[in-house]
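I have placed the structure first, in the form of structure tokens, so that the comments after it can refer back to it.
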Amino acid sequence: MNNERKVVVAVDESEESMYALSWCLTNLVSPKTPNPNTTLVLLYIKPPIPSYSSLDVTGYLFAGDVIATMEKYSKDLANSVMKRAEAVFNTCNSTVKVEKKVGSGDAKDVICAAVDKLEADILVMGSHDYGFIKRALLGSVSNYCAKHVKCPVVVVKRPKTC
């Protein structure tokens with residue numbers, strides 16, 4: 001019997017995702033019940049860099065440094081998110097293996113594809129707790145993933161603060 005377990009936690013720059021990671025480390029991969037065959041995958045999806053034609057609206061050629069600056073910002077943001085996630089992980093004294101994966105594109109589609117490709121046993125996500133209007137306009141990534149991935153999904157809501 002293969003008792004390897006792969007837990008994927010979708011992280012982003014929000015406090016909700018860091019709370020979900022902390023919850024996961026406390027409740028799913030707790031140091032109290034160590035499992036050396038558990039791998040925690042921190043998954044960050046960079047938003048796609050907007051595609052522009054080489055001409056802006058005024059007809060002038062876009063400078064290559066504008067696109068390079070947007071790409072650098074995206075890479076720096078990914079590094080920042082992963083450093084925050086590592087800090088959360090380090091405070092929990094967990095002994096599980098950690099892998100970091102960064103994808104790019106529409107979060108809901110890339111998360112679903114990554115979870116399937118990694119053959120994850122569980123997906124953990126934070127809830128931004130958008131109201132009805134925002135959820136209708138923006139969609140819910142966690143709701144989409146819960147309907148489309150093949151493994152169980154845990155959506156963690158951050159407690160409201162006063």
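Here's how to read the names in the structure tokens: chain A, B, ... by the order shown, residue numbers from 1 in each chain, ligand numbers from 1 in the order shown.
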
Quick one: residues within 12 Å of segment 78-89 of chain A, only C-alpha atoms, excluding same-chain residues fewer than 2 positions away - as a PDB file with N, CA, C and O atoms, in the first residue's frame?
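Below is the file out20.pdb, written as the result:
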ATOM      1  N   VAL A   9      -1.569  23.522  -1.456  1.00  0.00           N
ATOM      2  CA  VAL A   9      -2.161  24.726  -0.883  1.00  0.00           C
ATOM      3  C   VAL A   9      -1.966  25.857  -1.884  1.00  0.00           C
ATOM      4  O   VAL A   9      -0.829  26.192  -2.239  1.00  0.00           O
ATOM      5  N   ALA A  10      -3.075  26.410  -2.353  1.00  0.00           N
ATOM      6  CA  ALA A  10      -3.015  27.548  -3.274  1.00  0.00           C
ATOM      7  C   ALA A  10      -2.757  28.802  -2.454  1.00  0.00           C
ATOM      8  O   ALA A  10      -3.513  29.112  -1.531  1.00  0.00           O
ATOM      9  N   VAL A  11      -1.659  29.482  -2.757  1.00  0.00           N
ATOM     10  CA  VAL A  11      -1.310  30.699  -2.027  1.00  0.00           C
ATOM     11  C   VAL A  11      -1.297  31.884  -2.985  1.00  0.00           C
ATOM     12  O   VAL A  11      -1.036  31.734  -4.169  1.00  0.00           O
ATOM     13  N   ASP A  12      -1.612  33.040  -2.437  1.00  0.00           N
ATOM     14  CA  ASP A  12      -1.493  34.286  -3.184  1.00  0.00           C
ATOM     15  C   ASP A  12      -1.092  35.371  -2.198  1.00  0.00           C
ATOM     16  O   ASP A  12      -0.705  35.068  -1.069  1.00  0.00           O
ATOM     17  N   GLU A  13      -1.204  36.616  -2.599  1.00  0.00           N
ATOM     18  CA  GLU A  13      -0.737  37.695  -1.731  1.00  0.00           C
ATOM     19  C   GLU A  13      -1.705  38.038  -0.604  1.00  0.00           C
ATOM     20  O   GLU A  13      -1.420  38.888   0.222  1.00  0.00           O
ATOM     21  N   SER A  14      -2.823  37.353  -0.508  1.00  0.00           N
ATOM     22  CA  SER A  14      -3.845  37.676   0.490  1.00  0.00           C
ATOM     23  C   SER A  14      -3.571  37.033   1.845  1.00  0.00           C
ATOM     24  O   SER A  14      -2.923  35.998   1.957  1.00  0.00           O
ATOM     25  N   GLU A  15      -4.112  37.689   2.869  1.00  0.00           N
ATOM     26  CA  GLU A  15      -4.050  37.136   4.225  1.00  0.00           C
ATOM     27  C   GLU A  15      -4.866  35.847   4.311  1.00  0.00           C
ATOM     28  O   GLU A  15      -4.539  34.938   5.068  1.00  0.00           O
ATOM     29  N   GLU A  16      -5.940  35.765   3.513  1.00  0.00           N
ATOM     30  CA  GLU A  16      -6.798  34.578   3.536  1.00  0.00           C
ATOM     31  C   GLU A  16      -6.026  33.321   3.115  1.00  0.00           C
ATOM     32  O   GLU A  16      -6.199  32.264   3.703  1.00  0.00           O
ATOM     33  N   SER A  17      -5.172  33.448   2.123  1.00  0.00           N
ATOM     34  CA  SER A  17      -4.431  32.262   1.683  1.00  0.00           C
ATOM     35  C   SER A  17      -3.380  31.864   2.707  1.00  0.00           C
ATOM     36  O   SER A  17      -3.111  30.677   2.903  1.00  0.00           O
ATOM     37  N   MET A  18      -2.763  32.847   3.371  1.00  0.00           N
ATOM     38  CA  MET A  18      -1.767  32.525   4.399  1.00  0.00           C
ATOM     39  C   MET A  18      -2.457  31.884   5.613  1.00  0.00           C
ATOM     40  O   MET A  18      -1.916  30.978   6.236  1.00  0.00           O
ATOM     41  N   TYR A  19      -3.673  32.336   5.907  1.00  0.00           N
ATOM     42  CA  TYR A  19      -4.438  31.712   6.980  1.00  0.00           C
ATOM     43  C   TYR A  19      -4.776  30.263   6.610  1.00  0.00           C
ATOM     44  O   TYR A  19      -4.681  29.358   7.449  1.00  0.00           O
ATOM     45  N   ALA A  20      -5.145  30.036   5.364  1.00  0.00           N
ATOM     46  CA  ALA A  20      -5.453  28.675   4.908  1.00  0.00           C
ATOM     47  C   ALA A  20      -4.221  27.779   5.025  1.00  0.00           C
ATOM     48  O   ALA A  20      -4.329  26.619   5.422  1.00  0.00           O
ATOM     49  N   LEU A  21      -3.050  28.307   4.686  1.00  0.00           N
ATOM     50  CA  LEU A  21      -1.809  27.540   4.826  1.00  0.00           C
ATOM     51  C   LEU A  21      -1.557  27.206   6.284  1.00  0.00           C
ATOM     52  O   LEU A  21      -1.243  26.059   6.625  1.00  0.00           O
ATOM     53  N   SER A  22      -1.713  28.184   7.149  1.00  0.00           N
ATOM     54  CA  SER A  22      -1.527  27.954   8.587  1.00  0.00           C
ATOM     55  C   SER A  22      -2.511  26.904   9.103  1.00  0.00           C
ATOM     56  O   SER A  22      -2.152  26.001   9.859  1.00  0.00           O
ATOM     57  N   TRP A  23      -3.773  27.011   8.666  1.00  0.00           N
ATOM     58  CA  TRP A  23      -4.790  26.041   9.069  1.00  0.00           C
ATOM     59  C   TRP A  23      -4.396  24.642   8.603  1.00  0.00           C
ATOM     60  O   TRP A  23      -4.513  23.669   9.349  1.00  0.00           O
ATOM     61  N   CYS A  24      -3.930  24.545   7.379  1.00  0.00           N
ATOM     62  CA  CYS A  24      -3.515  23.264   6.816  1.00  0.00           C
ATOM     63  C   CYS A  24      -2.387  22.651   7.638  1.00  0.00           C
ATOM     64  O   CYS A  24      -2.402  21.460   7.949  1.00  0.00           O
ATOM     65  N   LEU A  25      -1.405  23.478   7.991  1.00  0.00           N
ATOM     66  CA  LEU A  25      -0.263  22.980   8.758  1.00  0.00           C
ATOM     67  C   LEU A  25      -0.671  22.541  10.159  1.00  0.00           C
ATOM     68  O   LEU A  25      -0.094  21.615  10.714  1.00  0.00           O
ATOM     69  N   THR A  26      -1.669  23.173  10.704  1.00  0.00           N
ATOM     70  CA  THR A  26      -2.144  22.821  12.040  1.00  0.00           C
ATOM     71  C   THR A  26      -3.052  21.598  12.025  1.00  0.00           C
ATOM     72  O   THR A  26      -2.994  20.756  12.909  1.00  0.00           O
ATOM     73  N   VAL A  29      -1.403  18.564   8.289  1.00  0.00           N
ATOM     74  CA  VAL A  29      -0.029  18.048   8.334  1.00  0.00           C
ATOM     75  C   VAL A  29       0.614  18.463   9.649  1.00  0.00           C
ATOM     76  O   VAL A  29       1.712  18.997   9.692  1.00  0.00           O
ATOM     77  N   SER A  30      -0.088  18.196  10.711  1.00  0.00           N
ATOM     78  CA  SER A  30       0.313  18.596  12.051  1.00  0.00           C
ATOM     79  C   SER A  30       1.601  17.913  12.489  1.00  0.00           C
ATOM     80  O   SER A  30       1.807  16.728  12.224  1.00  0.00           O
ATOM     81  N   PRO A  31       2.469  18.646  13.196  1.00  0.00           N
ATOM     82  CA  PRO A  31       3.682  18.018  13.736  1.00  0.00           C
ATOM     83  C   PRO A  31       3.364  16.944  14.788  1.00  0.00           C
ATOM     84  O   PRO A  31       4.183  16.096  15.085  1.00  0.00           O
ATOM     85  N   LEU A  40       3.950  18.749   0.949  1.00  0.00           N
ATOM     86  CA  LEU A  40       3.135  19.950   0.888  1.00  0.00           C
ATOM     87  C   LEU A  40       3.594  20.748  -0.324  1.00  0.00           C
ATOM     88  O   LEU A  40       4.771  21.069  -0.458  1.00  0.00           O
ATOM     89  N   VAL A  41       2.665  21.031  -1.225  1.00  0.00           N
ATOM     90  CA  VAL A  41       2.988  21.794  -2.428  1.00  0.00           C
ATOM     91  C   VAL A  41       2.376  23.181  -2.288  1.00  0.00           C
ATOM     92  O   VAL A  41       1.161  23.320  -2.166  1.00  0.00           O
ATOM     93  N   LEU A  42       3.234  24.198  -2.284  1.00  0.00           N
ATOM     94  CA  LEU A  42       2.782  25.578  -2.266  1.00  0.00           C
ATOM     95  C   LEU A  42       2.629  26.015  -3.719  1.00  0.00           C
ATOM     96  O   LEU A  42       3.598  26.024  -4.476  1.00  0.00           O
ATOM     97  N   LEU A  43       1.419  26.350  -4.110  1.00  0.00           N
ATOM     98  CA  LEU A  43       1.118  26.662  -5.504  1.00  0.00           C
ATOM     99  C   LEU A  43       0.698  28.117  -5.636  1.00  0.00           C
ATOM    100  O   LEU A  43      -0.302  28.538  -5.055  1.00  0.00           O
ATOM    101  N   TYR A  44       1.475  28.877  -6.387  1.00  0.00           N
ATOM    102  CA  TYR A  44       1.149  30.279  -6.649  1.00  0.00           C
ATOM    103  C   TYR A  44       0.927  30.459  -8.144  1.00  0.00           C
ATOM    104  O   TYR A  44       1.712  29.990  -8.962  1.00  0.00           O
ATOM    105  N   ILE A  45      -0.148  31.140  -8.492  1.00  0.00           N
ATOM    106  CA  ILE A  45      -0.456  31.388  -9.898  1.00  0.00           C
ATOM    107  C   ILE A  45      -0.313  32.885 -10.167  1.00  0.00           C
ATOM    108  O   ILE A  45      -1.049  33.700  -9.594  1.00  0.00           O
ATOM    109  N   LYS A  46       0.644  33.216 -11.018  1.00  0.00           N
ATOM    110  CA  LYS A  46       0.839  34.613 -11.406  1.00  0.00           C
ATOM    111  C   LYS A  46      -0.264  34.988 -12.384  1.00  0.00           C
ATOM    112  O   LYS A  46      -0.586  34.197 -13.277  1.00  0.00           O
ATOM    113  N   PRO A  47      -0.827  36.172 -12.211  1.00  0.00           N
ATOM    114  CA  PRO A  47      -1.800  36.620 -13.211  1.00  0.00           C
ATOM    115  C   PRO A  47      -1.091  36.752 -14.553  1.00  0.00           C
ATOM    116  O   PRO A  47       0.088  37.097 -14.599  1.00  0.00           O
ATOM    117  N   GLU A  71       7.007  42.084 -16.301  1.00  0.00           N
ATOM    118  CA  GLU A  71       7.453  40.716 -16.035  1.00  0.00           C
ATOM    119  C   GLU A  71       8.262  40.637 -14.749  1.00  0.00           C
ATOM    120  O   GLU A  71       8.119  39.703 -13.968  1.00  0.00           O
ATOM    121  N   LYS A  72       9.123  41.629 -14.506  1.00  0.00           N
ATOM    122  CA  LYS A  72       9.923  41.653 -13.274  1.00  0.00           C
ATOM    123  C   LYS A  72       9.014  41.797 -12.055  1.00  0.00           C
ATOM    124  O   LYS A  72       9.192  41.116 -11.052  1.00  0.00           O
ATOM    125  N   TYR A  73       8.015  42.677 -12.152  1.00  0.00           N
ATOM    126  CA  TYR A  73       7.079  42.847 -11.047  1.00  0.00           C
ATOM    127  C   TYR A  73       6.359  41.536 -10.743  1.00  0.00           C
ATOM    128  O   TYR A  73       6.209  41.144  -9.584  1.00  0.00           O
ATOM    129  N   SER A  74       5.936  40.837 -11.767  1.00  0.00           N
ATOM    130  CA  SER A  74       5.237  39.565 -11.599  1.00  0.00           C
ATOM    131  C   SER A  74       6.138  38.538 -10.914  1.00  0.00           C
ATOM    132  O   SER A  74       5.707  37.821 -10.005  1.00  0.00           O
ATOM    133  N   LYS A  75       7.390  38.483 -11.328  1.00  0.00           N
ATOM    134  CA  LYS A  75       8.352  37.549 -10.725  1.00  0.00           C
ATOM    135  C   LYS A  75       8.638  37.930  -9.274  1.00  0.00           C
ATOM    136  O   LYS A  75       8.680  37.070  -8.396  1.00  0.00           O
ATOM    137  N   ASP A  76       8.810  39.222  -9.009  1.00  0.00           N
ATOM    138  CA  ASP A  76       9.052  39.682  -7.638  1.00  0.00           C
ATOM    139  C   ASP A  76       7.866  39.376  -6.738  1.00  0.00           C
ATOM    140  O   ASP A  76       8.039  39.001  -5.574  1.00  0.00           O
ATOM    141  N   THR A  91       7.019  28.698  11.045  1.00  0.00           N
ATOM    142  CA  THR A  91       6.485  28.907  12.393  1.00  0.00           C
ATOM    143  C   THR A  91       5.760  27.678  12.920  1.00  0.00           C
ATOM    144  O   THR A  91       5.530  27.570  14.117  1.00  0.00           O
ATOM    145  N   CYS A  92       5.421  26.752  12.037  1.00  0.00           N
ATOM    146  CA  CYS A  92       4.650  25.578  12.459  1.00  0.00           C
ATOM    147  C   CYS A  92       5.517  24.369  12.787  1.00  0.00           C
ATOM    148  O   CYS A  92       4.990  23.331  13.177  1.00  0.00           O
ATOM    149  N   ASN A  93       6.808  24.465  12.612  1.00  0.00           N
ATOM    150  CA  ASN A  93       7.721  23.368  12.933  1.00  0.00           C
ATOM    151  C   ASN A  93       7.298  22.051  12.303  1.00  0.00           C
ATOM    152  O   ASN A  93       7.394  20.996  12.915  1.00  0.00           O
ATOM    153  N   SER A  94       6.826  22.106  11.106  1.00  0.00           N
ATOM    154  CA  SER A  94       6.396  20.894  10.421  1.00  0.00           C
ATOM    155  C   SER A  94       7.589  20.191   9.791  1.00  0.00           C
ATOM    156  O   SER A  94       8.578  20.816   9.419  1.00  0.00           O
ATOM    157  N   THR A  95       7.490  18.876   9.703  1.00  0.00           N
ATOM    158  CA  THR A  95       8.600  18.087   9.149  1.00  0.00           C
ATOM    159  C   THR A  95       8.282  17.542   7.762  1.00  0.00           C
ATOM    160  O   THR A  95       9.028  16.724   7.252  1.00  0.00           O
ATOM    161  N   VAL A  96       7.208  17.996   7.169  1.00  0.00           N
ATOM    162  CA  VAL A  96       6.850  17.498   5.847  1.00  0.00           C
ATOM    163  C   VAL A  96       7.755  18.112   4.781  1.00  0.00           C
ATOM    164  O   VAL A  96       8.334  19.179   4.975  1.00  0.00           O
ATOM    165  N   LYS A  97       7.843  17.408   3.665  1.00  0.00           N
ATOM    166  CA  LYS A  97       8.591  17.945   2.526  1.00  0.00           C
ATOM    167  C   LYS A  97       7.773  19.061   1.891  1.00  0.00           C
ATOM    168  O   LYS A  97       6.548  18.988   1.842  1.00  0.00           O
ATOM    169  N   VAL A  98       8.467  20.066   1.395  1.00  0.00           N
ATOM    170  CA  VAL A  98       7.787  21.192   0.761  1.00  0.00           C
ATOM    171  C   VAL A  98       8.305  21.356  -0.661  1.00  0.00           C
ATOM    172  O   VAL A  98       9.509  21.308  -0.891  1.00  0.00           O
ATOM    173  N   GLU A  99       7.372  21.540  -1.581  1.00  0.00           N
ATOM    174  CA  GLU A  99       7.707  21.876  -2.962  1.00  0.00           C
ATOM    175  C   GLU A  99       7.023  23.192  -3.274  1.00  0.00           C
ATOM    176  O   GLU A  99       5.924  23.466  -2.791  1.00  0.00           O
ATOM    177  N   LYS A 100       7.675  24.008  -4.084  1.00  0.00           N
ATOM    178  CA  LYS A 100       7.078  25.275  -4.513  1.00  0.00           C
ATOM    179  C   LYS A 100       6.857  25.217  -6.013  1.00  0.00           C
ATOM    180  O   LYS A 100       7.754  24.838  -6.763  1.00  0.00           O
ATOM    181  N   LYS A 101       5.652  25.556  -6.411  1.00  0.00           N
ATOM    182  CA  LYS A 101       5.302  25.568  -7.834  1.00  0.00           C
ATOM    183  C   LYS A 101       4.687  26.929  -8.159  1.00  0.00           C
ATOM    184  O   LYS A 101       3.857  27.436  -7.405  1.00  0.00           O
ATOM    185  N   VAL A 102       5.113  27.490  -9.279  1.00  0.00           N
ATOM    186  CA  VAL A 102       4.560  28.757  -9.740  1.00  0.00           C
ATOM    187  C   VAL A 102       4.049  28.552 -11.155  1.00  0.00           C
ATOM    188  O   VAL A 102       4.756  28.026 -12.013  1.00  0.00           O
ATOM    189  N   GLY A 103       2.810  28.936 -11.363  1.00  0.00           N
ATOM    190  CA  GLY A 103       2.212  28.855 -12.687  1.00  0.00           C
ATOM    191  C   GLY A 103       1.805  30.244 -13.132  1.00  0.00           C
ATOM    192  O   GLY A 103       1.945  31.216 -12.383  1.00  0.00           O
ATOM    193  N   SER A 104       1.293  30.339 -14.321  1.00  0.00           N
ATOM    194  CA  SER A 104       0.854  31.625 -14.841  1.00  0.00           C
ATOM    195  C   SER A 104      -0.405  31.424 -15.666  1.00  0.00           C
ATOM    196  O   SER A 104      -0.517  30.456 -16.412  1.00  0.00           O
TER     197      SER A 104
END

Exercise. In Å, how far is it from atom CA of Lys108 of chain A to atom CA of Arg5 of chain A?
Worked result: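 Atom CA of Lys108 of chain A sits 22.5 Å away from atom CA of Arg5 of chain A.
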
For the contact check between segment 59-116 of chain A and segment 140-153 of chain A, emit one row per residue of segment 59-116 of chain A within 8 Å, containing the shortest atom pair and the distance in Å rounded to one decimal, counting only C-alpha atoms, chain then rising number order, as a tab-separated table.
residue	atom	partner	partner_atom	distance
A:Ala107	CA	A:Val141	CA	7.0
A:Lys108	CA	A:Val141	CA	5.1
A:Ile111	CA	A:Cys145	CA	7.4
A:Cys112	CA	A:Val149	CA	5.6
A:Val115	CA	A:Val149	CA	7.0
A:Asp116	CA	A:Val149	CA	6.9

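With only C-alpha atoms as the atoms that count, the minimum distance from Asp121 of chain A to the choices A:Leu77, A:Val154, A:Pro159, A:Asp109 is reached by A:Val154.
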
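Computed from the coordinates, the atom CA of Ser127 of chain A to atom CA of Asn37 of chain A distance equals 27.7 Å.
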